[in-house]
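The file input-v5.txt contains compact mmCIF, C-alpha atoms:
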```txt
# COMPACT_ATOMS: atom_id res chain seq x y z
CA MET A 1 -8.56 31.40 -22.02
CA ASN A 2 -8.91 29.52 -25.30
CA THR A 3 -5.97 28.03 -27.16
CA PHE A 4 -5.87 30.82 -29.74
CA ASP A 5 -5.51 33.50 -27.10
CA ALA A 6 -3.09 31.45 -25.05
CA LEU A 7 -0.78 31.02 -28.02
CA LYS A 8 -0.68 34.67 -29.01
CA PRO A 9 3.12 34.80 -28.46
CA ILE A 10 3.68 32.47 -31.43
CA ARG A 11 1.51 34.52 -33.77
CA ARG A 12 2.83 37.24 -36.07
CA PRO A 13 1.50 40.67 -35.06
CA GLU A 14 1.43 41.87 -38.66
CA ILE A 15 -0.97 39.02 -39.49
CA ASP A 16 -3.10 39.76 -36.43
CA ALA A 17 -3.38 43.35 -37.63
CA ILE A 18 -4.93 42.66 -41.05
CA ALA A 19 -8.26 41.27 -42.24
CA ALA A 20 -8.63 38.34 -44.61
CA TYR A 21 -9.37 39.16 -48.25
CA HIS A 22 -13.15 39.48 -48.45
CA VAL A 23 -15.30 38.47 -51.41
CA PRO A 24 -19.00 39.44 -51.05
CA ASP A 25 -21.79 37.02 -51.87
CA ALA A 26 -23.11 37.93 -55.32
CA SER A 27 -26.10 35.57 -55.41
CA GLY A 28 -29.06 37.24 -57.10
CA TYR A 29 -27.06 40.27 -58.29
CA ILE A 30 -25.89 41.58 -61.62
CA LYS A 31 -22.26 40.88 -60.78
CA LEU A 32 -20.01 43.75 -61.85
CA ASP A 33 -17.54 43.86 -58.96
CA ALA A 34 -14.74 41.47 -59.95
CA MET A 35 -13.64 42.32 -63.52
CA GLU A 36 -15.00 39.07 -64.91
CA ASN A 37 -15.93 38.38 -68.53
CA PRO A 38 -19.76 38.39 -68.59
CA TYR A 39 -19.98 35.87 -71.41
CA GLY A 40 -20.06 32.10 -71.02
CA LEU A 41 -18.86 29.46 -73.44
CA PRO A 42 -20.87 28.81 -76.59
CA PRO A 43 -22.99 25.62 -76.23
CA ALA A 44 -20.89 23.65 -78.73
CA LEU A 45 -17.71 24.38 -76.79
CA LYS A 46 -19.39 23.46 -73.51
CA SER A 47 -20.26 20.07 -74.93
CA GLU A 48 -16.76 19.48 -76.28
CA LEU A 49 -15.18 20.61 -73.04
CA GLY A 50 -17.41 18.28 -71.03
CA GLN A 51 -16.28 15.37 -73.18
CA ARG A 52 -12.63 16.35 -72.84
CA LEU A 53 -12.84 16.62 -69.05
CA SER A 54 -14.64 13.28 -68.78
CA GLU A 55 -11.49 11.65 -70.16
CA VAL A 56 -9.16 13.17 -67.55
CA MET A 57 -7.65 10.62 -65.15
CA LEU A 58 -8.50 12.03 -61.76
CA ASN A 59 -6.71 9.15 -60.04
CA ARG A 60 -3.35 10.39 -61.35
CA TYR A 61 -1.33 13.43 -60.37
CA PRO A 62 -1.21 16.19 -62.98
CA ASP A 63 1.76 16.75 -65.24
CA PRO A 64 3.98 18.68 -62.80
CA SER A 65 5.43 20.85 -65.57
CA ALA A 66 2.17 21.22 -67.54
CA HIS A 67 4.24 21.08 -70.73
CA VAL A 68 1.28 20.83 -73.15
CA LEU A 69 -0.50 23.79 -71.61
CA ARG A 70 2.68 25.85 -71.42
CA ALA A 71 3.36 25.30 -75.11
CA ARG A 72 -0.17 26.38 -76.02
CA LEU A 73 0.10 29.47 -73.85
CA CYS A 74 3.40 30.49 -75.42
CA LYS A 75 1.85 30.22 -78.89
CA ALA A 76 -1.45 31.92 -78.02
CA MET A 77 0.04 34.76 -75.98
CA GLY A 78 2.95 35.75 -78.21
CA VAL A 79 5.73 34.72 -75.84
CA PRO A 80 9.06 35.48 -77.59
CA ALA A 81 11.03 32.64 -79.16
CA GLY A 82 13.39 31.03 -76.66
CA TYR A 83 11.22 32.08 -73.71
CA ASP A 84 8.84 29.92 -71.70
CA VAL A 85 6.22 30.48 -69.02
CA MET A 86 5.65 29.40 -65.43
CA LEU A 87 2.10 28.67 -64.34
CA GLY A 88 0.43 29.66 -61.10
CA ASN A 89 -2.90 29.26 -59.36
CA GLY A 90 -3.95 32.69 -60.57
CA SER A 91 -1.65 35.71 -60.48
CA ASP A 92 -1.72 35.66 -56.69
CA GLU A 93 0.41 32.51 -56.47
CA LEU A 94 2.91 33.94 -58.94
CA ILE A 95 3.26 37.12 -56.89
CA GLN A 96 3.86 34.95 -53.85
CA ILE A 97 6.46 32.82 -55.69
CA LEU A 98 8.34 35.94 -56.79
CA ALA A 99 8.29 37.41 -53.29
CA LEU A 100 9.29 34.18 -51.57
CA ALA A 101 12.20 33.68 -53.94
CA LEU A 102 13.62 37.16 -53.25
CA ALA A 103 12.66 37.71 -49.60
CA ARG A 104 16.13 38.05 -48.14
CA PRO A 105 16.33 39.85 -44.76
CA GLY A 106 15.75 43.54 -45.35
CA ALA A 107 14.68 43.11 -49.00
CA THR A 108 12.12 45.60 -50.31
CA LEU A 109 9.12 45.16 -52.60
CA LEU A 110 8.05 48.42 -54.28
CA ALA A 111 4.75 49.23 -55.94
CA VAL A 112 2.74 52.32 -56.79
CA GLU A 113 -0.44 53.21 -54.91
CA PRO A 114 -3.28 52.74 -55.29
CA SER A 115 -2.72 49.46 -57.12
CA PHE A 116 -3.41 45.75 -56.69
CA VAL A 117 -3.71 45.13 -52.97
CA MET A 118 -1.97 41.74 -53.08
CA TYR A 119 1.44 43.35 -53.75
CA ARG A 120 1.41 44.91 -50.31
CA MET A 121 -0.27 41.95 -48.61
CA ILE A 122 2.13 39.34 -49.96
CA ALA A 123 5.15 41.49 -49.11
CA GLY A 124 3.93 41.37 -45.53
CA PHE A 125 3.24 37.64 -45.64
CA VAL A 126 6.80 36.79 -46.69
CA GLY A 127 8.50 39.35 -44.44
CA MET A 128 9.66 41.81 -47.11
CA GLN A 129 9.79 45.55 -46.54
CA TYR A 130 7.12 47.36 -48.54
CA ALA A 131 7.50 50.74 -50.26
CA GLY A 132 4.42 52.34 -51.79
CA VAL A 133 4.85 55.31 -54.13
CA PRO A 134 1.70 57.44 -54.59
CA LEU A 135 0.37 58.08 -58.06
CA ARG A 136 -0.43 61.66 -59.04
CA ASP A 137 -3.88 63.03 -58.24
CA ASP A 138 -5.11 62.00 -61.70
CA PHE A 139 -3.69 58.49 -61.10
CA SER A 140 -0.89 58.97 -63.63
CA LEU A 141 2.54 57.57 -62.84
CA ASP A 142 4.92 59.89 -60.99
CA VAL A 143 7.98 58.33 -62.58
CA ASP A 144 10.44 60.71 -60.91
CA ALA A 145 9.08 59.79 -57.48
CA VAL A 146 9.36 56.08 -58.33
CA LEU A 147 12.95 56.51 -59.53
CA ALA A 148 13.84 58.43 -56.37
CA GLU A 149 12.39 55.67 -54.19
CA ILE A 150 14.24 53.04 -56.21
CA ALA A 151 17.50 54.91 -55.65
CA THR A 152 16.83 55.07 -51.91
CA LYS A 153 15.29 51.66 -51.20
CA GLN A 154 17.10 49.54 -53.84
CA PRO A 155 14.11 47.18 -54.14
CA ALA A 156 14.54 43.55 -55.04
CA LEU A 157 11.08 43.60 -56.67
CA VAL A 158 9.06 46.32 -58.37
CA PHE A 159 5.46 45.67 -59.40
CA LEU A 160 3.69 47.77 -62.02
CA ALA A 161 0.17 46.81 -63.10
CA TYR A 162 -0.14 47.64 -66.81
CA PRO A 163 -2.98 48.78 -67.03
CA ASN A 164 -3.32 49.60 -63.37
CA ASN A 165 -5.94 48.13 -61.07
CA PRO A 166 -8.11 49.74 -59.69
CA THR A 167 -7.63 52.92 -61.72
CA GLY A 168 -7.77 51.40 -65.22
CA ASN A 169 -5.14 53.63 -66.82
CA ARG A 170 -2.06 52.36 -68.64
CA PHE A 171 1.17 54.08 -67.70
CA ALA A 172 3.36 55.49 -70.45
CA ALA A 173 5.62 52.76 -71.83
CA GLU A 174 8.65 55.06 -71.84
CA ASP A 175 8.21 55.67 -68.09
CA VAL A 176 8.02 51.94 -67.40
CA ILE A 177 11.21 51.46 -69.44
CA ARG A 178 12.97 54.10 -67.33
CA ILE A 179 12.00 52.15 -64.22
CA ILE A 180 13.18 48.83 -65.68
CA GLU A 181 16.52 50.37 -66.62
CA ALA A 182 16.98 51.99 -63.20
CA ALA A 183 15.88 49.08 -61.03
CA PRO A 184 18.62 47.07 -59.29
CA GLY A 185 16.29 44.07 -59.08
CA LEU A 186 13.39 42.62 -61.03
CA VAL A 187 10.54 44.68 -62.47
CA VAL A 188 7.27 42.77 -62.84
CA VAL A 189 4.88 44.22 -65.41
CA ASP A 190 1.51 42.77 -64.41
CA GLU A 191 -0.60 42.52 -67.56
CA ALA A 192 -3.73 41.00 -66.05
CA TYR A 193 -5.83 43.16 -68.41
CA HIS A 194 -3.73 42.63 -71.53
CA ALA A 195 -6.77 41.59 -73.59
CA PHE A 196 -8.24 45.08 -73.25
CA ALA A 197 -5.07 47.19 -73.51
CA SER A 198 -3.29 48.80 -76.45
CA ASP A 199 0.24 47.78 -75.51
CA SER A 200 2.21 44.93 -73.94
CA PHE A 201 5.71 44.39 -72.64
CA MET A 202 5.72 40.72 -73.68
CA PRO A 203 7.66 41.42 -76.94
CA ARG A 204 10.22 43.45 -74.95
CA LEU A 205 11.30 40.54 -72.73
CA PRO A 206 14.53 39.79 -74.65
CA GLN A 207 15.62 43.43 -74.29
CA TYR A 208 15.57 43.47 -70.48
CA PRO A 209 16.98 40.54 -68.46
CA ASN A 210 15.41 41.95 -65.26
CA LEU A 211 11.89 42.12 -66.74
CA VAL A 212 9.09 39.73 -65.78
CA VAL A 213 5.75 39.84 -67.60
CA MET A 214 2.82 38.37 -65.71
CA ARG A 215 -0.65 37.59 -67.04
CA THR A 216 -3.80 35.73 -66.09
CA LEU A 217 -6.58 34.06 -68.04
CA SER A 218 -9.14 35.22 -65.49
CA LYS A 219 -10.11 38.49 -67.19
CA LEU A 220 -10.18 36.86 -70.62
CA GLY A 221 -13.08 34.63 -69.55
CA LEU A 222 -11.58 31.75 -67.55
CA ALA A 223 -11.65 33.15 -64.01
CA GLY A 224 -12.96 29.86 -62.64
CA LEU A 225 -9.82 28.01 -63.74
CA ARG A 226 -7.52 30.19 -61.57
CA LEU A 227 -4.70 30.12 -64.07
CA GLY A 228 -1.95 32.72 -64.22
CA PHE A 229 1.40 32.64 -65.97
CA MET A 230 4.58 34.66 -66.16
CA SER A 231 7.50 34.82 -68.54
CA ALA A 232 11.05 35.97 -67.91
CA HIS A 233 14.62 35.13 -68.86
CA PRO A 234 14.97 31.31 -68.77
CA ASP A 235 17.47 31.46 -65.90
CA TRP A 236 14.93 33.30 -63.76
CA LEU A 237 12.19 30.79 -64.52
CA THR A 238 14.51 27.97 -63.48
CA TYR A 239 15.23 29.81 -60.24
CA PHE A 240 11.56 30.49 -59.47
CA ASP A 241 10.63 26.89 -60.23
CA LYS A 242 12.52 25.90 -57.07
CA VAL A 243 9.91 27.78 -55.02
CA ARG A 244 6.82 26.63 -56.92
CA LEU A 245 4.97 23.88 -55.12
CA PRO A 246 4.68 20.63 -57.13
CA TYR A 247 1.41 19.91 -58.91
CA ASN A 248 0.16 23.46 -58.37
CA ILE A 249 -2.04 23.29 -61.50
CA ASN A 250 -4.59 20.49 -61.24
CA VAL A 251 -5.49 18.09 -64.05
CA LEU A 252 -8.90 19.63 -64.73
CA SER A 253 -7.49 23.14 -65.05
CA GLN A 254 -4.70 21.91 -67.33
CA ALA A 255 -7.07 19.99 -69.58
CA ALA A 256 -9.70 22.75 -69.71
CA ALA A 257 -7.24 25.55 -70.39
CA SER A 258 -5.38 23.55 -73.04
CA PHE A 259 -8.64 22.81 -74.84
CA LEU A 260 -9.96 26.35 -74.61
CA LEU A 261 -6.72 27.86 -75.91
CA ASP A 262 -7.40 25.95 -79.11
CA HIS A 263 -10.42 28.26 -79.38
CA ILE A 264 -8.72 31.50 -78.32
CA ASP A 265 -10.52 33.31 -81.16
CA VAL A 266 -13.78 32.97 -79.21
CA PHE A 267 -12.32 34.78 -76.22
CA ASN A 268 -10.59 37.38 -78.36
CA ALA A 269 -13.95 38.17 -79.98
CA GLN A 270 -15.55 38.50 -76.55
CA ALA A 271 -12.75 40.84 -75.47
CA ALA A 272 -13.39 43.00 -78.55
CA THR A 273 -17.07 43.25 -77.59
CA ILE A 274 -16.10 44.23 -74.04
CA ARG A 275 -13.82 46.97 -75.39
CA GLN A 276 -16.71 48.32 -77.46
CA GLU A 277 -19.00 48.26 -74.43
CA ARG A 278 -16.31 49.96 -72.34
CA SER A 279 -16.27 52.84 -74.80
CA ARG A 280 -20.07 53.11 -74.75
CA LEU A 281 -20.21 52.92 -70.96
CA PHE A 282 -17.46 55.52 -70.59
CA THR A 283 -19.29 57.96 -72.89
CA ALA A 284 -22.60 57.48 -71.07
CA LEU A 285 -21.10 57.82 -67.60
CA SER A 286 -19.12 60.90 -68.63
CA ALA A 287 -22.36 62.60 -69.67
CA MET A 288 -23.90 62.19 -66.21
CA PRO A 289 -23.63 65.20 -63.90
CA GLY A 290 -21.50 64.96 -60.78
CA LEU A 291 -19.29 62.09 -61.96
CA THR A 292 -15.57 62.11 -62.66
CA VAL A 293 -14.92 59.20 -65.02
CA TYR A 294 -11.36 58.02 -65.55
CA PRO A 295 -10.12 56.64 -68.89
CA SER A 296 -9.53 52.89 -68.85
CA GLU A 297 -7.64 50.29 -70.85
CA ALA A 298 -8.99 47.50 -68.65
CA ASN A 299 -12.41 45.84 -68.50
CA PHE A 300 -13.66 48.21 -65.82
CA ILE A 301 -14.17 51.93 -65.33
CA LEU A 302 -13.34 53.96 -62.23
CA VAL A 303 -15.83 56.65 -61.26
CA GLN A 304 -15.53 59.29 -58.53
CA MET A 305 -18.46 61.16 -57.02
CA ALA A 306 -19.50 63.11 -53.97
CA ASP A 307 -21.71 60.44 -52.41
CA ALA A 308 -20.24 57.11 -53.40
CA GLU A 309 -21.58 55.29 -50.32
CA ALA A 310 -25.19 56.22 -51.14
CA CYS A 311 -24.76 55.37 -54.81
CA TYR A 312 -23.27 51.99 -53.99
CA ALA A 313 -26.14 51.27 -51.60
CA GLU A 314 -28.75 52.23 -54.22
CA LEU A 315 -27.18 50.03 -56.88
CA LYS A 316 -27.01 47.15 -54.43
CA ALA A 317 -30.65 47.67 -53.47
CA GLN A 318 -31.42 47.35 -57.19
CA HIS A 319 -29.47 44.05 -57.25
CA ILE A 320 -26.40 45.45 -58.99
CA LEU A 321 -23.09 44.66 -57.30
CA ILE A 322 -20.11 46.87 -58.12
CA LYS A 323 -16.86 47.48 -56.21
CA LYS A 324 -16.86 50.18 -53.57
CA LEU A 325 -13.33 51.54 -53.31
CA HIS A 326 -14.25 54.48 -51.11
CA GLY A 327 -12.36 53.93 -47.85
CA ALA A 328 -9.88 51.44 -49.31
CA HIS A 329 -7.14 54.04 -49.87
CA PRO A 330 -7.01 57.81 -49.25
CA MET A 331 -6.66 58.53 -52.97
CA LEU A 332 -9.79 56.48 -53.72
CA SER A 333 -12.14 58.64 -51.69
CA GLY A 334 -15.52 58.74 -53.44
CA CYS A 335 -14.52 56.04 -55.94
CA LEU A 336 -16.59 53.18 -57.35
CA ARG A 337 -15.38 50.63 -59.90
CA PHE A 338 -17.76 49.33 -62.56
CA THR A 339 -16.84 46.11 -64.37
CA VAL A 340 -17.90 46.29 -68.01
CA GLY A 341 -20.75 43.82 -68.35
CA SER A 342 -22.90 42.65 -71.22
CA PRO A 343 -24.89 45.31 -73.13
CA GLU A 344 -28.00 44.41 -71.14
CA GLU A 345 -26.16 44.64 -67.82
CA ASN A 346 -24.60 47.96 -68.76
CA ASP A 347 -27.98 49.32 -69.83
CA ARG A 348 -29.39 48.39 -66.43
CA VAL A 349 -26.53 50.10 -64.61
CA LEU A 350 -26.95 53.27 -66.66
CA ALA A 351 -30.71 53.33 -66.11
CA VAL A 352 -30.51 52.86 -62.34
CA LEU A 353 -27.62 55.28 -61.96
CA GLY A 354 -29.24 57.91 -64.17
CA GLU A 355 -32.50 57.73 -62.25
CA TRP A 356 -30.69 57.98 -58.90
CA ILE A 357 -28.73 61.04 -60.03
CA ALA A 358 -31.90 62.69 -61.39
CA GLN A 359 -33.73 62.13 -58.10
CA ARG A 360 -30.82 63.59 -56.14
CA GLN A 361 -30.80 66.68 -58.33
CA LEU A 362 -34.56 67.18 -57.96
CA ALA A 363 -34.57 66.67 -54.20
CA PRO A 364 -34.90 69.88 -52.15
CA VAL A 365 -31.66 71.17 -50.67
```

Any chance you could put this one into structure tokens?
Amino acid sequence: MNTFDALKPIRRPEIDAIAAYHVPDASGYIKLDAMENPYGLPPALKSELGQRLSEVMLNRYPDPSAHVLRARLCKAMGVPAGYDVMLGNGSDELIQILALALARPGATLLAVEPSFVMYRMIAGFVGMQYAGVPLRDDFSLDVDAVLAEIATKQPALVFLAYPNNPTGNRFAAEDVIRIIEAAPGLVVVDEAYHAFASDSFMPRLPQYPNLVVMRTLSKLGLAGLRLGFMSAHPDWLTYFDKVRLPYNINVLSQAAASFLLDHIDVFNAQAATIRQERSRLFTALSAMPGLTVYPSEANFILVQMADAEACYAELKAQHILIKKLHGAHPMLSGCLRFTVGSPEENDRVLAVLGEWIAQRQLAPV
């Protein structure tokens, strides 16, 4: 018997029971599976960034509080006066910090389903109880069901992705407010896709002392930096800072993000182009027979069809990688998620998908 098997008694069965988060190899593919911005930096900015990073002192630890970067984020992202941000290695670390800080014995983390898988996973990692409230069949928020579960479970943490991932829809703001007002603990409004949405809870922070607004720069075009941030009442940020590991944002990420935020207009323009392409892609997909296409305020579109497995396989055979959600959750049966790419990438997707659908329709029954 090897050591791993011999030491099974010390392992946690809930960890044994799950699989690690899997990211497929995208080499050689049109990569439309991870909600990334398809556009790179303009050449002039690349050159300036290279010069800036060459001056970073890699022999020194980073600024543990990242005060320069935090100040730039507050200005660029419209953080209310008197409020600050905490930085994380992507949103994932921030979710973990929030859960660790509130994981008392018996504490519950509540989220809607289907939604971002890390809410459930991290609840399990830190030993919190997890309560998942199903969305309606059209993926809209069943606010009465959420309120009933809040009344029963009294969750320490509630997560609401706004817009929701993987469905793309933004819940009604008045429903989210009802949840914030009813919750006995913190409500985290996860605005990972804020650059593509028509509303934000960031300006509402001063109204609700139990509100946390979380964002990431990944979808805006800086996924490689792994930089997320959250804002909340100053007392909460002080409390959460006790859980944050020191030096969690490295010197290169701090320097790169600080520089690039000086050029936020470039990324905002790219986001506007992605929103235009999202509209075009939505219209084209909606015109294809056999597809149910869900409205989106994110940088992706959810599609449902009768033979999602075969469609996914055909797109992959044509070197297009999208996200297959079929099998990930009962409500996502037949679902595929298309990241909005560049115009050329979207044209390729539409051509391959249209041809596949036409061939299926012409094939003898």

By how many Å are CA of Pro134 in chain A and CA of Val117 in chain A apart?
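If I compute the distance from CA of Pro134 in chain A to CA of Val117 in chain A, I get 13.5 Å.
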
CA of Leu69 in chain A to CA of Gln254 in chain A measures 6.3 Å

Range 316-331 of chain A: which residues within 9 Å, counting only C-alpha atoms, same-chain residues fewer than 2 positions away excluded, as a PyMOL selection string?
chain A and resi 26+28-34+113-114+134-135+137+139+166+304+308-309+311-314+333-339+345+348-349+352

Please, could you write that set of residues out with C-alpha atoms as a PDB file, keeping the file's coordinate frame?
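As a result, out_26.pdb now contains:
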```pdb
ATOM      1  CA  ALA A  26     -23.110  37.930 -55.320  1.00  0.00           C
ATOM      2  CA  GLY A  28     -29.060  37.240 -57.100  1.00  0.00           C
ATOM      3  CA  TYR A  29     -27.060  40.270 -58.290  1.00  0.00           C
ATOM      4  CA  ILE A  30     -25.890  41.580 -61.620  1.00  0.00           C
ATOM      5  CA  LYS A  31     -22.260  40.880 -60.780  1.00  0.00           C
ATOM      6  CA  LEU A  32     -20.010  43.750 -61.850  1.00  0.00           C
ATOM      7  CA  ASP A  33     -17.540  43.860 -58.960  1.00  0.00           C
ATOM      8  CA  ALA A  34     -14.740  41.470 -59.950  1.00  0.00           C
ATOM      9  CA  GLU A 113      -0.440  53.210 -54.910  1.00  0.00           C
ATOM     10  CA  PRO A 114      -3.280  52.740 -55.290  1.00  0.00           C
ATOM     11  CA  PRO A 134       1.700  57.440 -54.590  1.00  0.00           C
ATOM     12  CA  LEU A 135       0.370  58.080 -58.060  1.00  0.00           C
ATOM     13  CA  ASP A 137      -3.880  63.030 -58.240  1.00  0.00           C
ATOM     14  CA  PHE A 139      -3.690  58.490 -61.100  1.00  0.00           C
ATOM     15  CA  PRO A 166      -8.110  49.740 -59.690  1.00  0.00           C
ATOM     16  CA  GLN A 304     -15.530  59.290 -58.530  1.00  0.00           C
ATOM     17  CA  ALA A 308     -20.240  57.110 -53.400  1.00  0.00           C
ATOM     18  CA  GLU A 309     -21.580  55.290 -50.320  1.00  0.00           C
ATOM     19  CA  CYS A 311     -24.760  55.370 -54.810  1.00  0.00           C
ATOM     20  CA  TYR A 312     -23.270  51.990 -53.990  1.00  0.00           C
ATOM     21  CA  ALA A 313     -26.140  51.270 -51.600  1.00  0.00           C
ATOM     22  CA  GLU A 314     -28.750  52.230 -54.220  1.00  0.00           C
ATOM     23  CA  SER A 333     -12.140  58.640 -51.690  1.00  0.00           C
ATOM     24  CA  GLY A 334     -15.520  58.740 -53.440  1.00  0.00           C
ATOM     25  CA  CYS A 335     -14.520  56.040 -55.940  1.00  0.00           C
ATOM     26  CA  LEU A 336     -16.590  53.180 -57.350  1.00  0.00           C
ATOM     27  CA  ARG A 337     -15.380  50.630 -59.900  1.00  0.00           C
ATOM     28  CA  PHE A 338     -17.760  49.330 -62.560  1.00  0.00           C
ATOM     29  CA  THR A 339     -16.840  46.110 -64.370  1.00  0.00           C
ATOM     30  CA  GLU A 345     -26.160  44.640 -67.820  1.00  0.00           C
ATOM     31  CA  ARG A 348     -29.390  48.390 -66.430  1.00  0.00           C
ATOM     32  CA  VAL A 349     -26.530  50.100 -64.610  1.00  0.00           C
ATOM     33  CA  VAL A 352     -30.510  52.860 -62.340  1.00  0.00           C
TER      34      VAL A 352
END
```

So how far away is CA of Asn37 in chain A from CA of Ala287 in chain A, in Å?
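These atoms are spaced 25.1 Å apart.
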
My list of candidates is A:Pro209, A:Thr152, A:Met77, A:Ala6. Which is closest to Asn268 in chain A when distances are computed with all atoms listed in the file?
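Using all atoms listed in the file, Asn268 in chain A sits closest to A:Met77.
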
Which neighbours of range 87-98 of chain A fall inside 9 Å, counting only C-alpha atoms, when residues of the same chain fewer than 4 positions from it are skipped, and could you give them as JSON, numbers by chain?
{"A": [65, 66, 70, 102, 103, 118, 119, 122, 123, 125, 126, 157, 190, 192, 214, 215, 216, 217, 218, 223, 225, 226, 227, 228, 229, 230, 240, 241, 243, 244, 248, 249]}

Tell me which protein, DNA and RNA residues are within 10 Å of Met57 in chain A, counting all atoms listed in the file, leaving out same-chain ones fewer than 5 positions away, and put them as a list in words.
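Result of the neighbour search: Pro62, Val251 and Leu252 of chain A.
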
Counting all atoms listed in the file, select every polymer residue within 12 Å of (-19.2, 52.3, -72.8) as defined in the file's coordinates, and provide the selection as a ChimeraX atom specification.
/A:273-287,293,295-297,299-301,338-347,349-350

Set the distance at 12 Å and use only C-alpha atoms: which residues neighbour Val213 in chain A once local chain neighbours fewer than 2 positions away are removed? I'd like the list as a PyMOL selection string.
chain A and resi 77-80+83-86+91+94-95+98+158-162+180+186-192+194+200-206+208-211+215-216+228-233+236-237

Closest of A:Ile264, A:Tyr61, A:Ala19, A:Pro289 to Glu355 in chain A - atom-to-atom distances counting all atoms listed in the file:
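Comparing A:Ile264, A:Tyr61, A:Ala19, A:Pro289 against Glu355 in chain A, the winner is A:Pro289.
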
Within 6 Å of (4.0, 52.2, -53.5), in the coordinates the file gives, what residues turn up when you count all atoms listed in the file, written out as a VMD selection string?
chain A and resid 110 to 113 131 to 134

Nearest-residue call for Gly127 in chain A, choices A:Ile10, A:Ala107, A:Val266, A:Val176, using only C-alpha atoms:
A:Ala107

Would you fill out range 203-217 of chain A with N, CA and C atoms and return it as a PDB file, in the frame of the given file?
```pdb
ATOM      1  N   PRO A 203       6.623  41.454 -75.893  1.00  0.00           N
ATOM      2  CA  PRO A 203       7.660  41.420 -76.940  1.00  0.00           C
ATOM      3  C   PRO A 203       8.995  42.006 -76.497  1.00  0.00           C
ATOM      4  N   ARG A 204       8.996  42.793 -75.401  1.00  0.00           N
ATOM      5  CA  ARG A 204      10.220  43.450 -74.950  1.00  0.00           C
ATOM      6  C   ARG A 204      11.059  42.576 -74.022  1.00  0.00           C
ATOM      7  N   LEU A 205      10.579  41.397 -73.681  1.00  0.00           N
ATOM      8  CA  LEU A 205      11.300  40.540 -72.730  1.00  0.00           C
ATOM      9  C   LEU A 205      12.771  40.334 -73.098  1.00  0.00           C
ATOM     10  N   PRO A 206      13.112  40.017 -74.341  1.00  0.00           N
ATOM     11  CA  PRO A 206      14.530  39.790 -74.650  1.00  0.00           C
ATOM     12  C   PRO A 206      15.424  41.015 -74.469  1.00  0.00           C
ATOM     13  N   GLN A 207      14.820  42.210 -74.428  1.00  0.00           N
ATOM     14  CA  GLN A 207      15.620  43.430 -74.290  1.00  0.00           C
ATOM     15  C   GLN A 207      16.066  43.675 -72.847  1.00  0.00           C
ATOM     16  N   TYR A 208      15.327  43.125 -71.883  1.00  0.00           N
ATOM     17  CA  TYR A 208      15.570  43.470 -70.480  1.00  0.00           C
ATOM     18  C   TYR A 208      15.641  42.198 -69.629  1.00  0.00           C
ATOM     19  N   PRO A 209      16.842  41.785 -69.238  1.00  0.00           N
ATOM     20  CA  PRO A 209      16.980  40.540 -68.460  1.00  0.00           C
ATOM     21  C   PRO A 209      16.363  40.620 -67.065  1.00  0.00           C
ATOM     22  N   ASN A 210      16.042  41.825 -66.584  1.00  0.00           N
ATOM     23  CA  ASN A 210      15.410  41.950 -65.260  1.00  0.00           C
ATOM     24  C   ASN A 210      13.911  42.174 -65.354  1.00  0.00           C
ATOM     25  N   LEU A 211      13.326  41.930 -66.526  1.00  0.00           N
ATOM     26  CA  LEU A 211      11.890  42.120 -66.740  1.00  0.00           C
ATOM     27  C   LEU A 211      11.146  40.798 -66.595  1.00  0.00           C
ATOM     28  N   VAL A 212      10.027  40.846 -65.880  1.00  0.00           N
ATOM     29  CA  VAL A 212       9.090  39.730 -65.780  1.00  0.00           C
ATOM     30  C   VAL A 212       7.742  40.235 -66.262  1.00  0.00           C
ATOM     31  N   VAL A 213       7.098  39.494 -67.157  1.00  0.00           N
ATOM     32  CA  VAL A 213       5.750  39.840 -67.600  1.00  0.00           C
ATOM     33  C   VAL A 213       4.791  38.791 -67.070  1.00  0.00           C
ATOM     34  N   MET A 214       3.785  39.259 -66.358  1.00  0.00           N
ATOM     35  CA  MET A 214       2.820  38.370 -65.710  1.00  0.00           C
ATOM     36  C   MET A 214       1.434  38.600 -66.288  1.00  0.00           C
ATOM     37  N   ARG A 215       0.712  37.515 -66.510  1.00  0.00           N
ATOM     38  CA  ARG A 215      -0.650  37.590 -67.040  1.00  0.00           C
ATOM     39  C   ARG A 215      -1.543  36.565 -66.342  1.00  0.00           C
ATOM     40  N   THR A 216      -2.833  36.699 -66.592  1.00  0.00           N
ATOM     41  CA  THR A 216      -3.800  35.730 -66.090  1.00  0.00           C
ATOM     42  C   THR A 216      -4.840  35.495 -67.170  1.00  0.00           C
ATOM     43  N   LEU A 217      -5.463  34.331 -67.134  1.00  0.00           N
ATOM     44  CA  LEU A 217      -6.580  34.060 -68.040  1.00  0.00           C
ATOM     45  C   LEU A 217      -7.914  34.451 -67.431  1.00  0.00           C
TER      46      LEU A 217
END
```
